[in-house]
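Engineer: You'll find target22.cif just under this line, and it carries mmCIF, C-alpha atoms (C1' of nucleotides).
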```cif
data_entry
#
loop_
_atom_site.label_atom_id
_atom_site.label_comp_id
_atom_site.auth_asym_id
_atom_site.auth_seq_id
_atom_site.Cartn_x
_atom_site.Cartn_y
_atom_site.Cartn_z
CA MET A 1098 -3.21 -3.83 24.06
CA LEU A 1099 -3.13 -5.62 20.71
CA ARG A 1100 -6.86 -6.11 20.95
CA ALA A 1101 -7.37 -2.43 21.68
CA ALA A 1102 -5.23 -1.49 18.69
CA VAL A 1103 -7.14 -3.85 16.39
CA ALA A 1104 -10.47 -2.62 17.71
CA ARG A 1105 -9.51 0.99 17.17
CA ALA A 1106 -8.26 0.32 13.62
CA ASP A 1107 -11.44 -1.62 12.82
CA LYS A 1108 -13.62 1.18 14.08
CA ALA A 1109 -11.81 4.36 13.19
CA GLY A 1110 -9.32 3.38 10.50
CA ILE A 1111 -5.64 2.67 10.60
CA GLU A 1112 -4.71 6.32 10.11
CA SER A 1113 -6.32 7.12 13.44
CA LEU A 1114 -4.05 4.71 15.25
CA SER A 1115 -1.11 6.50 16.79
CA MET A 1116 0.98 5.37 19.71
CA ARG A 1117 -0.13 8.39 21.68
CA ARG A 1118 -3.83 7.90 21.03
CA LEU A 1119 -3.64 4.19 21.73
CA ALA A 1120 -1.94 4.92 25.04
CA GLU A 1121 -4.58 7.47 25.93
CA GLU A 1122 -7.32 4.96 25.13
CA LEU A 1123 -5.67 2.43 27.43
CA GLY A 1124 -5.27 5.05 30.14
CA VAL A 1125 -1.50 4.84 30.21
CA VAL A 1126 1.32 7.18 29.40
CA PRO A 1127 2.61 6.89 25.79
CA MET A 1128 5.96 5.47 26.83
CA ALA A 1129 4.28 2.63 28.69
CA LEU A 1130 3.50 0.99 25.34
CA TYR A 1131 7.20 0.54 24.74
CA LYS A 1132 7.33 -2.02 27.51
CA HIS A 1133 5.27 -4.36 25.34
CA VAL A 1134 6.51 -3.39 21.92
CA ALA A 1135 9.85 -2.14 20.63
CA ASN A 1136 8.31 0.30 18.20
CA LYS A 1137 5.25 0.93 16.06
CA GLU A 1138 6.38 -1.58 13.43
CA GLU A 1139 6.21 -4.31 16.03
CA LEU A 1140 2.74 -3.20 17.03
CA LEU A 1141 1.59 -3.46 13.42
CA ASP A 1142 3.19 -6.91 13.12
CA GLY A 1143 1.25 -8.03 16.14
CA MET A 1144 -1.96 -6.67 14.67
CA ILE A 1145 -1.35 -8.56 11.42
CA ASP A 1146 -0.87 -11.74 13.39
CA VAL A 1147 -4.23 -11.23 15.07
CA VAL A 1148 -5.87 -11.16 11.63
CA VAL A 1149 -3.88 -14.07 10.20
CA GLY A 1150 -4.70 -16.04 13.34
CA GLU A 1151 -8.37 -15.82 12.40
CA ILE A 1152 -7.84 -17.72 9.13
CA ASP A 1153 -9.16 -21.28 9.28
CA PRO A 1154 -6.68 -24.13 8.92
CA PRO A 1155 -6.83 -26.05 5.63
CA VAL A 1156 -9.69 -28.49 5.31
CA ALA A 1157 -8.51 -32.08 5.36
CA GLY A 1158 -9.27 -34.62 2.70
CA ALA A 1159 -10.03 -32.20 -0.10
CA GLY A 1160 -8.19 -31.91 -3.40
CA TRP A 1161 -5.59 -29.18 -3.75
CA LYS A 1162 -7.92 -26.95 -5.73
CA SER A 1163 -10.74 -27.05 -3.24
CA ALA A 1164 -8.41 -26.79 -0.26
CA VAL A 1165 -6.64 -23.74 -1.68
CA ARG A 1166 -9.91 -22.12 -2.68
CA GLN A 1167 -11.53 -22.59 0.71
CA ARG A 1168 -8.53 -21.39 2.63
CA ILE A 1169 -8.16 -18.26 0.52
CA LEU A 1170 -11.84 -17.47 0.95
CA SER A 1171 -11.39 -17.90 4.69
CA ALA A 1172 -8.47 -15.47 4.57
CA ARG A 1173 -10.71 -13.09 2.67
CA ARG A 1174 -13.37 -13.22 5.36
CA ALA A 1175 -10.74 -12.36 7.97
CA LEU A 1176 -9.45 -9.50 5.84
CA LEU A 1177 -12.92 -8.10 5.33
CA ARG A 1178 -13.41 -8.03 9.09
CA HIS A 1179 -10.30 -5.86 9.37
CA PRO A 1180 -10.27 -3.52 6.39
CA TRP A 1181 -6.99 -1.89 7.40
CA ALA A 1182 -5.07 -5.17 7.30
CA SER A 1183 -4.42 -5.35 3.56
CA GLN A 1184 -2.87 -1.92 3.53
CA VAL A 1185 -0.65 -2.72 6.50
CA MET A 1186 0.44 -6.04 5.00
CA GLU A 1187 1.38 -4.32 1.76
CA SER A 1188 3.48 -1.77 3.55
CA LYS A 1189 5.54 -4.28 5.50
CA GLN A 1190 8.95 -5.39 4.35
CA ASN A 1191 9.18 -8.72 6.13
CA PRO A 1192 6.52 -11.28 6.89
CA THR A 1193 5.93 -12.28 10.48
CA PRO A 1194 6.59 -15.92 11.38
CA LEU A 1195 2.84 -16.51 11.47
CA VAL A 1196 2.42 -15.21 7.93
CA LEU A 1197 5.35 -17.36 6.87
CA ALA A 1198 3.64 -20.36 8.44
CA TYR A 1199 0.47 -19.54 6.53
CA MET A 1200 2.45 -19.35 3.30
CA ASP A 1201 4.19 -22.58 4.13
CA THR A 1202 0.99 -24.56 4.49
CA MET A 1203 -0.38 -22.96 1.32
CA ILE A 1204 2.72 -24.01 -0.60
CA GLY A 1205 2.28 -27.42 0.95
CA LEU A 1206 -1.23 -27.72 -0.48
CA PHE A 1207 0.08 -27.23 -3.99
CA ARG A 1208 2.98 -29.59 -3.58
CA ALA A 1209 0.73 -32.27 -2.12
CA GLY A 1210 -1.45 -31.77 -5.19
CA GLY A 1211 1.43 -32.72 -7.45
CA PHE A 1212 2.89 -29.33 -8.33
CA SER A 1213 6.67 -29.21 -8.69
CA VAL A 1214 8.62 -26.82 -6.53
CA ASN A 1215 9.21 -24.49 -9.45
CA LEU A 1216 5.63 -24.52 -10.66
CA THR A 1217 4.42 -23.90 -7.11
CA HIS A 1218 6.80 -20.95 -6.95
CA HIS A 1219 5.38 -19.36 -10.10
CA VAL A 1220 1.86 -20.11 -9.00
CA MET A 1221 2.37 -18.42 -5.65
CA HIS A 1222 3.70 -15.31 -7.41
CA THR A 1223 0.70 -15.34 -9.70
CA ILE A 1224 -1.74 -15.44 -6.83
CA GLY A 1225 0.14 -12.60 -5.18
CA SER A 1226 -1.78 -10.81 -2.49
CA ARG A 1227 -4.89 -12.83 -3.28
CA VAL A 1228 -3.38 -15.62 -1.24
CA LEU A 1229 -4.22 -13.50 1.78
CA GLY A 1230 -7.68 -12.75 0.56
CA PHE A 1231 -7.42 -9.30 -0.88
CA SER A 1232 -7.17 -8.06 -4.38
CA GLN A 1233 -5.29 -4.88 -4.79
CA GLU A 1234 -8.30 -2.73 -5.39
CA LEU A 1235 -6.71 0.15 -7.18
CA PHE A 1236 -8.53 3.31 -6.25
CA ASN A 1237 -11.03 1.77 -3.95
CA ASP A 1238 -14.17 3.53 -5.01
CA SER A 1239 -16.11 1.16 -2.80
CA SER A 1240 -15.78 3.49 0.16
CA THR A 1241 -18.75 5.60 1.04
CA ILE A 1242 -19.23 7.76 -2.02
CA ASP A 1243 -22.04 10.19 -2.34
CA PRO A 1244 -24.09 8.86 -5.31
CA GLU A 1245 -24.76 12.38 -6.44
CA VAL A 1246 -21.07 13.23 -6.47
CA ALA A 1247 -20.35 10.04 -8.38
CA ALA A 1248 -23.10 10.81 -10.86
CA ALA A 1249 -21.77 14.31 -11.38
CA MET A 1250 -18.27 12.96 -11.86
CA MET A 1251 -19.48 10.49 -14.45
CA ARG A 1252 -21.47 13.16 -16.23
CA GLU A 1253 -18.33 15.23 -16.48
CA LEU A 1254 -15.90 12.44 -17.26
CA GLY A 1255 -18.20 10.21 -19.28
CA PRO A 1256 -17.72 11.95 -22.60
CA LYS A 1257 -13.95 11.78 -22.21
CA PHE A 1258 -13.82 8.18 -20.99
CA PRO A 1259 -16.59 6.28 -22.79
CA ASN A 1260 -15.21 2.85 -21.96
CA VAL A 1261 -14.96 3.52 -18.24
CA LEU A 1262 -18.48 4.91 -18.41
CA ALA A 1263 -19.76 1.79 -20.17
CA ILE A 1264 -18.45 -0.45 -17.42
CA ALA A 1265 -19.58 1.84 -14.62
CA THR A 1266 -23.13 1.98 -15.94
CA ALA A 1267 -23.24 -1.73 -16.74
CA ALA A 1268 -22.12 -2.56 -13.20
CA SER A 1269 -25.13 -0.68 -11.93
CA HIS A 1270 -27.97 -2.94 -10.97
CA GLU A 1271 -30.51 -0.23 -11.54
CA GLU A 1272 -30.63 0.81 -15.15
CA ALA A 1273 -31.94 4.20 -14.19
CA SER A 1274 -29.00 5.49 -12.19
CA VAL A 1275 -26.02 6.85 -14.01
CA VAL A 1276 -23.53 5.11 -11.82
CA GLY A 1277 -24.27 1.97 -9.90
CA PRO A 1278 -23.60 0.96 -6.35
CA GLY A 1279 -20.16 -0.19 -7.38
CA CYS A 1280 -19.03 -3.68 -8.18
CA ASP A 1281 -19.80 -6.87 -6.37
CA ASP A 1282 -16.34 -7.27 -4.91
CA GLN A 1283 -16.91 -10.81 -3.71
CA TYR A 1284 -18.04 -11.92 -7.16
CA GLU A 1285 -15.04 -10.25 -8.78
CA PHE A 1286 -12.67 -11.82 -6.27
CA GLU A 1287 -14.02 -15.31 -6.86
CA PHE A 1288 -14.12 -14.80 -10.62
CA ALA A 1289 -10.41 -13.97 -10.62
CA LEU A 1290 -9.54 -16.69 -8.12
CA ASP A 1291 -11.29 -19.37 -10.17
CA LEU A 1292 -9.70 -18.16 -13.38
CA LEU A 1293 -6.32 -18.51 -11.69
CA LEU A 1294 -7.05 -21.94 -10.22
CA ASP A 1295 -8.29 -23.20 -13.59
CA GLY A 1296 -5.11 -21.90 -15.18
CA PHE A 1297 -3.00 -23.68 -12.57
CA GLU A 1298 -4.88 -26.92 -13.13
CA ARG A 1299 -4.17 -26.71 -16.84
CA LEU A 1300 -0.49 -26.14 -16.18
CA LEU A 1301 -0.42 -29.10 -13.82
CA GLN A 1302 -2.03 -31.41 -16.35
CA ARG A 1303 0.40 -30.29 -19.03
CA ALA A 1304 3.41 -30.96 -16.80
CA MET B 951 8.78 21.21 -8.72
CA LEU B 952 7.10 17.97 -9.80
CA ARG B 953 10.33 16.90 -11.41
CA ALA B 954 12.26 17.67 -8.24
CA ALA B 955 9.76 15.65 -6.20
CA VAL B 956 9.97 12.69 -8.59
CA ALA B 957 13.75 12.86 -8.66
CA ARG B 958 13.94 12.92 -4.89
CA ALA B 959 11.56 9.98 -4.53
CA ASP B 960 13.48 8.02 -7.17
CA LYS B 961 16.74 8.65 -5.42
CA ALA B 962 15.97 8.63 -1.72
CA GLY B 963 12.61 6.90 -1.46
CA ILE B 964 9.09 8.20 -1.01
CA GLU B 965 9.38 8.29 2.76
CA SER B 966 12.07 10.93 2.46
CA LEU B 967 9.76 13.25 0.55
CA SER B 968 8.23 15.81 2.85
CA MET B 969 6.85 19.18 1.91
CA ARG B 970 9.46 20.84 4.08
CA ARG B 971 12.40 18.95 2.61
CA LEU B 972 11.18 19.43 -0.93
CA ALA B 973 10.91 23.16 -0.31
CA GLU B 974 14.40 23.26 1.13
CA GLU B 975 15.74 21.41 -1.90
CA LEU B 976 14.12 23.96 -4.18
CA GLY B 977 15.45 26.82 -2.07
CA VAL B 978 12.04 28.15 -1.15
CA VAL B 979 10.08 28.51 2.02
CA PRO B 980 7.74 25.56 2.75
CA MET B 981 4.58 27.55 2.25
CA ALA B 982 5.67 28.55 -1.24
CA LEU B 983 4.82 25.04 -2.44
CA TYR B 984 1.20 25.70 -1.65
CA LYS B 985 1.04 28.19 -4.49
CA HIS B 986 1.43 25.29 -6.93
CA VAL B 987 -0.38 22.57 -5.05
CA ALA B 988 -3.33 22.58 -2.66
CA ASN B 989 -1.83 19.93 -0.40
CA LYS B 990 0.44 16.93 -0.35
CA GLU B 991 -2.19 14.68 -1.91
CA GLU B 992 -2.21 16.87 -4.97
CA LEU B 993 1.56 16.70 -5.14
CA LEU B 994 1.42 12.89 -5.10
CA ASP B 995 -1.27 12.94 -7.80
CA GLY B 996 1.00 15.04 -9.96
CA MET B 997 3.87 12.64 -9.40
CA ILE B 998 1.69 9.69 -10.41
CA ASP B 999 0.78 11.50 -13.60
CA VAL B 1000 4.46 11.96 -14.42
CA VAL B 1001 4.91 8.18 -14.24
CA VAL B 1002 1.72 7.33 -16.13
CA GLY B 1003 2.73 9.86 -18.78
CA GLU B 1004 5.79 7.75 -19.49
CA ILE B 1005 3.69 4.74 -20.55
CA ASP B 1006 3.71 4.19 -24.32
CA PRO B 1007 0.41 4.52 -26.18
CA PRO B 1008 -1.09 1.25 -27.44
CA VAL B 1009 0.55 -0.16 -30.54
CA ALA B 1010 -1.69 0.03 -33.58
CA GLY B 1011 -2.68 -2.90 -35.73
CA ALA B 1012 -2.02 -5.61 -33.19
CA GLY B 1013 -4.56 -8.06 -31.82
CA TRP B 1014 -6.05 -7.33 -28.40
CA LYS B 1015 -3.81 -9.82 -26.65
CA SER B 1016 -0.58 -8.47 -28.04
CA ALA B 1017 -1.69 -4.86 -27.61
CA VAL B 1018 -2.65 -5.38 -23.97
CA ARG B 1019 0.51 -7.32 -23.26
CA GLN B 1020 2.82 -4.74 -24.77
CA ARG B 1021 1.10 -1.84 -23.07
CA ILE B 1022 1.23 -3.48 -19.65
CA LEU B 1023 4.90 -4.27 -20.09
CA SER B 1024 5.48 -0.63 -21.02
CA ALA B 1025 3.66 0.39 -17.84
CA ARG B 1026 5.88 -1.99 -15.95
CA ARG B 1027 9.03 -0.39 -17.33
CA ALA B 1028 7.74 3.01 -16.20
CA LEU B 1029 6.93 1.64 -12.76
CA LEU B 1030 10.36 0.07 -12.39
CA ARG B 1031 11.94 3.43 -13.13
CA HIS B 1032 9.99 4.89 -10.21
CA PRO B 1033 9.86 2.27 -7.47
CA TRP B 1034 7.79 4.45 -5.15
CA ALA B 1035 4.94 4.79 -7.63
CA SER B 1036 3.17 1.50 -6.96
CA GLN B 1037 2.95 2.22 -3.26
CA VAL B 1038 1.58 5.70 -3.86
CA MET B 1039 -0.96 4.44 -6.40
CA GLU B 1040 -2.18 1.85 -3.93
CA SER B 1041 -2.66 4.41 -1.23
CA LYS B 1042 -4.77 6.78 -3.32
CA GLN B 1043 -8.54 6.77 -3.12
CA ASN B 1044 -9.33 8.31 -6.49
CA PRO B 1045 -7.58 7.95 -9.83
CA THR B 1046 -6.32 11.04 -11.58
CA PRO B 1047 -7.89 11.87 -14.95
CA LEU B 1048 -4.70 10.65 -16.64
CA VAL B 1049 -4.96 7.27 -14.91
CA LEU B 1050 -8.62 7.13 -15.87
CA ALA B 1051 -7.64 7.82 -19.47
CA TYR B 1052 -5.12 5.00 -19.33
CA MET B 1053 -7.77 2.65 -17.99
CA ASP B 1054 -10.17 3.81 -20.65
CA THR B 1055 -7.88 2.93 -23.54
CA MET B 1056 -7.06 -0.40 -21.88
CA ILE B 1057 -10.75 -1.22 -21.61
CA GLY B 1058 -11.06 -0.12 -25.22
CA LEU B 1059 -8.47 -2.69 -26.31
CA PHE B 1060 -10.52 -5.51 -24.82
CA ARG B 1061 -13.80 -4.28 -26.26
CA ALA B 1062 -12.25 -3.86 -29.70
CA GLY B 1063 -11.05 -7.45 -29.36
CA GLY B 1064 -14.63 -8.65 -28.99
CA PHE B 1065 -15.03 -8.75 -25.20
CA SER B 1066 -18.47 -7.81 -23.92
CA VAL B 1067 -18.75 -4.96 -21.46
CA ASN B 1068 -19.36 -7.34 -18.58
CA LEU B 1069 -16.54 -9.69 -19.47
CA THR B 1070 -14.20 -6.74 -19.85
CA HIS B 1071 -15.27 -5.58 -16.42
CA HIS B 1072 -14.39 -8.91 -14.79
CA VAL B 1073 -11.18 -9.14 -16.75
CA MET B 1074 -10.07 -5.71 -15.58
CA HIS B 1075 -10.72 -6.69 -11.97
CA THR B 1076 -8.75 -9.87 -12.48
CA ILE B 1077 -5.75 -8.00 -13.83
CA GLY B 1078 -5.96 -5.64 -10.90
CA SER B 1079 -2.84 -3.65 -10.26
CA ARG B 1080 -1.00 -5.59 -12.92
CA VAL B 1081 -2.66 -3.34 -15.45
CA LEU B 1082 -0.30 -0.65 -14.22
CA GLY B 1083 2.70 -2.92 -14.36
CA PHE B 1084 3.18 -3.97 -10.79
CA SER B 1085 2.34 -7.06 -8.93
CA GLN B 1086 1.62 -6.65 -5.31
CA GLU B 1087 4.87 -8.07 -4.11
CA LEU B 1088 3.89 -9.01 -0.60
CA PHE B 1089 6.85 -8.54 1.66
CA ASN B 1090 9.27 -7.34 -0.94
CA ASP B 1091 12.36 -9.26 -0.07
CA SER B 1092 13.90 -8.02 -3.30
CA SER B 1093 15.32 -4.99 -1.53
CA THR B 1094 18.95 -5.06 -0.62
CA ILE B 1095 19.18 -7.95 1.77
CA ASP B 1096 22.42 -9.04 3.28
CA PRO B 1097 22.87 -12.60 1.95
CA GLU B 1098 24.36 -13.66 5.26
CA VAL B 1099 21.37 -12.36 7.17
CA ALA B 1100 19.04 -14.12 4.73
CA ALA B 1101 21.01 -17.33 5.08
CA ALA B 1102 20.89 -17.12 8.84
CA MET B 1103 17.16 -16.47 8.72
CA MET B 1104 16.61 -19.49 6.52
CA ARG B 1105 18.77 -21.65 8.71
CA GLU B 1106 16.60 -20.68 11.65
CA LEU B 1107 13.25 -20.78 9.90
CA GLY B 1108 13.95 -23.60 7.46
CA PRO B 1109 13.10 -26.43 9.83
CA LYS B 1110 9.81 -24.80 10.75
CA PHE B 1111 8.83 -23.87 7.20
CA PRO B 1112 10.10 -26.62 4.90
CA ASN B 1113 7.96 -25.59 1.95
CA VAL B 1114 9.09 -21.98 2.00
CA LEU B 1115 12.64 -23.24 2.28
CA ALA B 1116 12.21 -25.54 -0.72
CA ILE B 1117 11.11 -22.65 -2.91
CA ALA B 1118 13.72 -20.27 -1.58
CA THR B 1119 16.54 -22.69 -2.29
CA ALA B 1120 15.14 -23.72 -5.67
CA ALA B 1121 14.95 -20.08 -6.71
CA SER B 1122 18.63 -19.78 -6.06
CA HIS B 1123 20.69 -20.02 -9.19
CA GLU B 1124 23.71 -21.21 -7.32
CA GLU B 1125 23.13 -24.56 -5.72
CA ALA B 1126 25.75 -23.84 -3.09
CA SER B 1127 24.13 -20.89 -1.40
CA VAL B 1128 21.39 -21.52 1.08
CA VAL B 1129 19.19 -18.74 -0.17
CA GLY B 1130 19.37 -17.38 -3.68
CA PRO B 1131 19.48 -13.88 -5.03
CA GLY B 1132 15.70 -13.77 -4.92
CA CYS B 1133 13.27 -14.37 -7.72
CA ASP B 1134 13.40 -13.15 -11.28
CA ASP B 1135 10.62 -10.63 -10.85
CA GLN B 1136 10.29 -9.93 -14.55
CA TYR B 1137 9.89 -13.62 -15.32
CA GLU B 1138 7.29 -14.03 -12.59
CA PHE B 1139 5.41 -10.96 -13.79
CA GLU B 1140 5.24 -12.20 -17.38
CA PHE B 1141 4.38 -15.73 -16.26
CA ALA B 1142 1.36 -14.43 -14.38
CA LEU B 1143 0.40 -11.96 -17.10
CA ASP B 1144 0.44 -14.65 -19.78
CA LEU B 1145 -1.54 -17.03 -17.62
CA LEU B 1146 -4.15 -14.32 -17.22
CA LEU B 1147 -4.23 -13.42 -20.90
CA ASP B 1148 -4.56 -17.09 -21.88
CA GLY B 1149 -7.42 -17.42 -19.43
CA PHE B 1150 -9.13 -14.36 -20.92
CA GLU B 1151 -8.72 -15.75 -24.42
CA ARG B 1152 -10.39 -18.97 -23.37
CA LEU B 1153 -13.30 -17.06 -21.86
CA LEU B 1154 -13.64 -15.01 -25.02
CA GLN B 1155 -13.75 -18.09 -27.22
CA ARG B 1156 -16.33 -19.70 -24.99
CA ALA B 1157 -18.57 -16.64 -25.11
"C1'" DA C 186 15.73 -0.91 38.60
"C1'" DC C 187 11.80 0.84 36.95
"C1'" DC C 188 8.81 4.43 35.39
"C1'" DT C 189 7.64 8.79 33.23
"C1'" DG C 190 7.52 13.64 32.05
"C1'" DA C 191 9.69 16.58 29.20
"C1'" DA C 192 12.14 17.14 25.22
"C1'" DC C 193 13.78 16.20 20.49
"C1'" DA C 194 13.32 16.10 15.76
"C1'" DC C 195 10.29 15.94 12.86
"C1'" DC C 196 5.33 16.33 10.13
"C1'" DG C 197 1.38 19.02 7.11
"C1'" DT C 198 -1.07 23.06 7.28
"C1'" DT C 199 -3.21 27.48 9.27
"C1'" DC C 200 -3.06 32.10 9.97
"C1'" DA C 201 -1.84 36.53 11.25
"C1'" DA C 202 1.53 39.84 10.67
"C1'" DG C 203 4.43 42.14 7.50
"C1'" DT C 204 5.39 44.23 2.81
"C1'" DA D 453 -2.80 41.47 -2.86
"C1'" DC D 454 0.83 38.74 -2.11
"C1'" DC D 455 4.25 36.50 0.64
"C1'" DT D 456 6.12 34.34 4.76
"C1'" DG D 457 7.49 33.53 9.48
"C1'" DA D 458 5.71 31.78 13.39
"C1'" DA D 459 2.53 28.94 15.34
"C1'" DC D 460 -0.67 24.97 15.77
"C1'" DA D 461 -1.71 20.36 16.34
"C1'" DC D 462 0.09 16.61 15.77
"C1'" DC D 463 3.81 12.40 15.15
"C1'" DG D 464 7.38 8.39 17.00
"C1'" DT D 465 10.97 8.00 20.02
"C1'" DT D 466 14.97 9.40 23.19
"C1'" DC D 467 16.60 10.40 27.48
"C1'" DA D 468 17.40 12.30 31.78
"C1'" DA D 469 15.31 13.12 35.96
"C1'" DG D 470 12.56 11.28 39.56
"C1'" DT D 471 10.98 7.33 42.58
#
```
Mind turning the file's structure into structure tokens?

Structural biologist:
Amino acid sequence: MLRAAVARADKAGIESLSMRRLAEELGVVPMALYKHVANKEELLDGMIDVVVGEIDPPVAGAGWKSAVRQRILSARRALLRHPWASQVMESKQNPTPLVLAYMDTMIGLFRAGGFSVNLTHHVMHTIGSRVLGFSQELFNDSSTIDPEVAAAMMRELGPKFPNVLAIATAASHEEASVVGPGCDDQYEFEFALDLLLDGFERLLQRA
Amino acid sequence: MLRAAVARADKAGIESLSMRRLAEELGVVPMALYKHVANKEELLDGMIDVVVGEIDPPVAGAGWKSAVRQRILSARRALLRHPWASQVMESKQNPTPLVLAYMDTMIGLFRAGGFSVNLTHHVMHTIGSRVLGFSQELFNDSSTIDPEVAAAMMRELGPKFPNVLAIATAASHEEASVVGPGCDDQYEFEFALDLLLDGFERLLQRA
DNA sequence: ACCTGAACACCGTTCAAGT
DNA sequence: ACCTGAACACCGTTCAAGT
């Protein structure tokens, strides 16, 4: 049932996942789902745990910086396999025990690296959602946009927003097109992650 | 109508805002709303613009770092006045023209400070949602939690998650209580923001 | 005791009927 | 032409009736 829910969300998007449709897919009556799950919230929790369960454990014998970096990039790979997961995680109020366990080992990596409890606390806040491998892409333009529509939009908005236009055209790999194929999200994610880790290292050395 | 929608979301939460209830509150028939707005998406866009409109313009005559910092903190004050706004902004696919204009001036601050187009691009990705004054608080425990429930939870989970427990108890201002009143979100926000800005400054000097 | 169909209390939006 | 009530196509979940 959890696997069916994850598969459906992967394929058709989280907004297509309703209790009724999931039941239909499984060939059962809607109310049958409530034998396995108290409500939809619990279903979503279970789905999150499937994704978090795919994250590799920390590599042994590495320094804190490398261990944190590799684990976060592993989390990112899991998140990219399940594009709905970041949105669901954001919307939840309470972490599942499995997410808490993930956080706990991540905190442990910092503390083992010599970070004080307080510094680790601040550092975890600074990483924010990136700890789970996603960066709050505000207005995710990465979804399938018609290049012509994008070009028309930029032609219209360009004169009003010259700075946005400058970045949008610079991000394009082909000089010819008005608006490029979007940003290299993986590069941007690692750029930000490394900037953060370097900042943490500096704070650690100062302390 | 927009003001009524914003007021309702401020007061009772975004999940309580439905087209039908908003219409009832305004003393009109549900379909009357569709004279002002094509659909609910457009209503939410309008509500976002109300919030973004409350952000102060950039201060003149300051260096890029100070100008960016002050503007982001102004955005944060606006966001804190409207707790639903961050969630709605996250869920939207496309920015409104007003949000685009905000981004444009923010990009302009970096470029005026000497950042190249490409570096500005990376820097904007690194800031992420913080540019609009909110940090993806994963699992926002800041909401009204019963201290007793939290204490019980920690008592149960503490042994399994010692590192989470260490931070939770350290964050407490009173040593006596098992779990504190949560984190100082404003402090954490500024800590992260300043770490980012310092990192950007270092990149600028290196370039 | 277990299962399940119908029902409840909602949604956002369409559309045809009324003025 | 404008307005609007009813209807449509959904939700998640409750609950009583059936086995």

Engineer: Given the file shown, enumerate the residues that the PyMOL selection byres ((chain D) within 10 of (chain B)) captures and present them as an NGL selection string.

Structural biologist: :D and (455-457)

Engineer: Dump C-alpha atoms (C1' of nucleotides) for the selected residues as an mmCIF file, keeping the file's coordinate frame?

Structural biologist:
```
data_model
loop_
_atom_site.group_PDB
_atom_site.id
_atom_site.type_symbol
_atom_site.label_atom_id
_atom_site.label_comp_id
_atom_site.auth_asym_id
_atom_site.auth_seq_id
_atom_site.Cartn_x
_atom_site.Cartn_y
_atom_site.Cartn_z
ATOM 1 C "C1'" DC D 455 4.250 36.500 0.640
ATOM 2 C "C1'" DT D 456 6.120 34.340 4.760
ATOM 3 C "C1'" DG D 457 7.490 33.530 9.480
#
```

Engineer: Given the file shown, enumerate the residues that the PyMOL selection byres ((chain B) within 8 of (chain A)) captures and present them as JSON, numbers by chain.

Structural biologist: {"B": [1037, 1039, 1040, 1041, 1042, 1043, 1044, 1045, 1050, 1051, 1053, 1054, 1055, 1057, 1058, 1067, 1068, 1070, 1071, 1072, 1073, 1075, 1076, 1078, 1079, 1085, 1086, 1087, 1088, 1089, 1090, 1091, 1110, 1111, 1112, 1113, 1114, 1116, 1117, 1120, 1121, 1138, 1139, 1141, 1142, 1145, 1146, 1149]}

Engineer: Take the residues from that selection and put them in a file with C-alpha atoms, as a compact mmCIF listing (two decimals), in the frame of the given file.

Structural biologist:
```
# COMPACT_ATOMS: atom_id res chain seq x y z
CA GLN B 1037 2.95 2.22 -3.26
CA MET B 1039 -0.96 4.44 -6.40
CA GLU B 1040 -2.18 1.85 -3.93
CA SER B 1041 -2.66 4.41 -1.23
CA LYS B 1042 -4.77 6.78 -3.32
CA GLN B 1043 -8.54 6.77 -3.12
CA ASN B 1044 -9.33 8.31 -6.49
CA PRO B 1045 -7.58 7.95 -9.83
CA LEU B 1050 -8.62 7.13 -15.87
CA ALA B 1051 -7.64 7.82 -19.47
CA MET B 1053 -7.77 2.65 -17.99
CA ASP B 1054 -10.17 3.81 -20.65
CA THR B 1055 -7.88 2.93 -23.54
CA ILE B 1057 -10.75 -1.22 -21.61
CA GLY B 1058 -11.06 -0.12 -25.22
CA VAL B 1067 -18.75 -4.96 -21.46
CA ASN B 1068 -19.36 -7.34 -18.58
CA THR B 1070 -14.20 -6.74 -19.85
CA HIS B 1071 -15.27 -5.58 -16.42
CA HIS B 1072 -14.39 -8.91 -14.79
CA VAL B 1073 -11.18 -9.14 -16.75
CA HIS B 1075 -10.72 -6.69 -11.97
CA THR B 1076 -8.75 -9.87 -12.48
CA GLY B 1078 -5.96 -5.64 -10.90
CA SER B 1079 -2.84 -3.65 -10.26
CA SER B 1085 2.34 -7.06 -8.93
CA GLN B 1086 1.62 -6.65 -5.31
CA GLU B 1087 4.87 -8.07 -4.11
CA LEU B 1088 3.89 -9.01 -0.60
CA PHE B 1089 6.85 -8.54 1.66
CA ASN B 1090 9.27 -7.34 -0.94
CA ASP B 1091 12.36 -9.26 -0.07
CA LYS B 1110 9.81 -24.80 10.75
CA PHE B 1111 8.83 -23.87 7.20
CA PRO B 1112 10.10 -26.62 4.90
CA ASN B 1113 7.96 -25.59 1.95
CA VAL B 1114 9.09 -21.98 2.00
CA ALA B 1116 12.21 -25.54 -0.72
CA ILE B 1117 11.11 -22.65 -2.91
CA ALA B 1120 15.14 -23.72 -5.67
CA ALA B 1121 14.95 -20.08 -6.71
CA GLU B 1138 7.29 -14.03 -12.59
CA PHE B 1139 5.41 -10.96 -13.79
CA PHE B 1141 4.38 -15.73 -16.26
CA ALA B 1142 1.36 -14.43 -14.38
CA LEU B 1145 -1.54 -17.03 -17.62
CA LEU B 1146 -4.15 -14.32 -17.22
CA GLY B 1149 -7.42 -17.42 -19.43
```

Engineer: Starting from the PyMOL selection byres ((chain C and resi 204) around 10), expand the selection into actual residues of this file and give them as a ChimeraX atom specification.

Structural biologist: /C:202-203 /D:454-455

Engineer: Could you take the residues named above and write them with C-alpha atoms (C1' of nucleotides), as a short mmCIF file (atom, residue, chain, number, x, y, z; two decimals), keeping the file's coordinate frame?

Structural biologist:
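Once written, selection-v1.cif looks like this:
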```
data_model
loop_
_atom_site.label_atom_id
_atom_site.label_comp_id
_atom_site.auth_asym_id
_atom_site.auth_seq_id
_atom_site.Cartn_x
_atom_site.Cartn_y
_atom_site.Cartn_z
"C1'" DA C 202 1.53 39.84 10.67
"C1'" DG C 203 4.43 42.14 7.50
"C1'" DC D 454 0.83 38.74 -2.11
"C1'" DC D 455 4.25 36.50 0.64
#
```
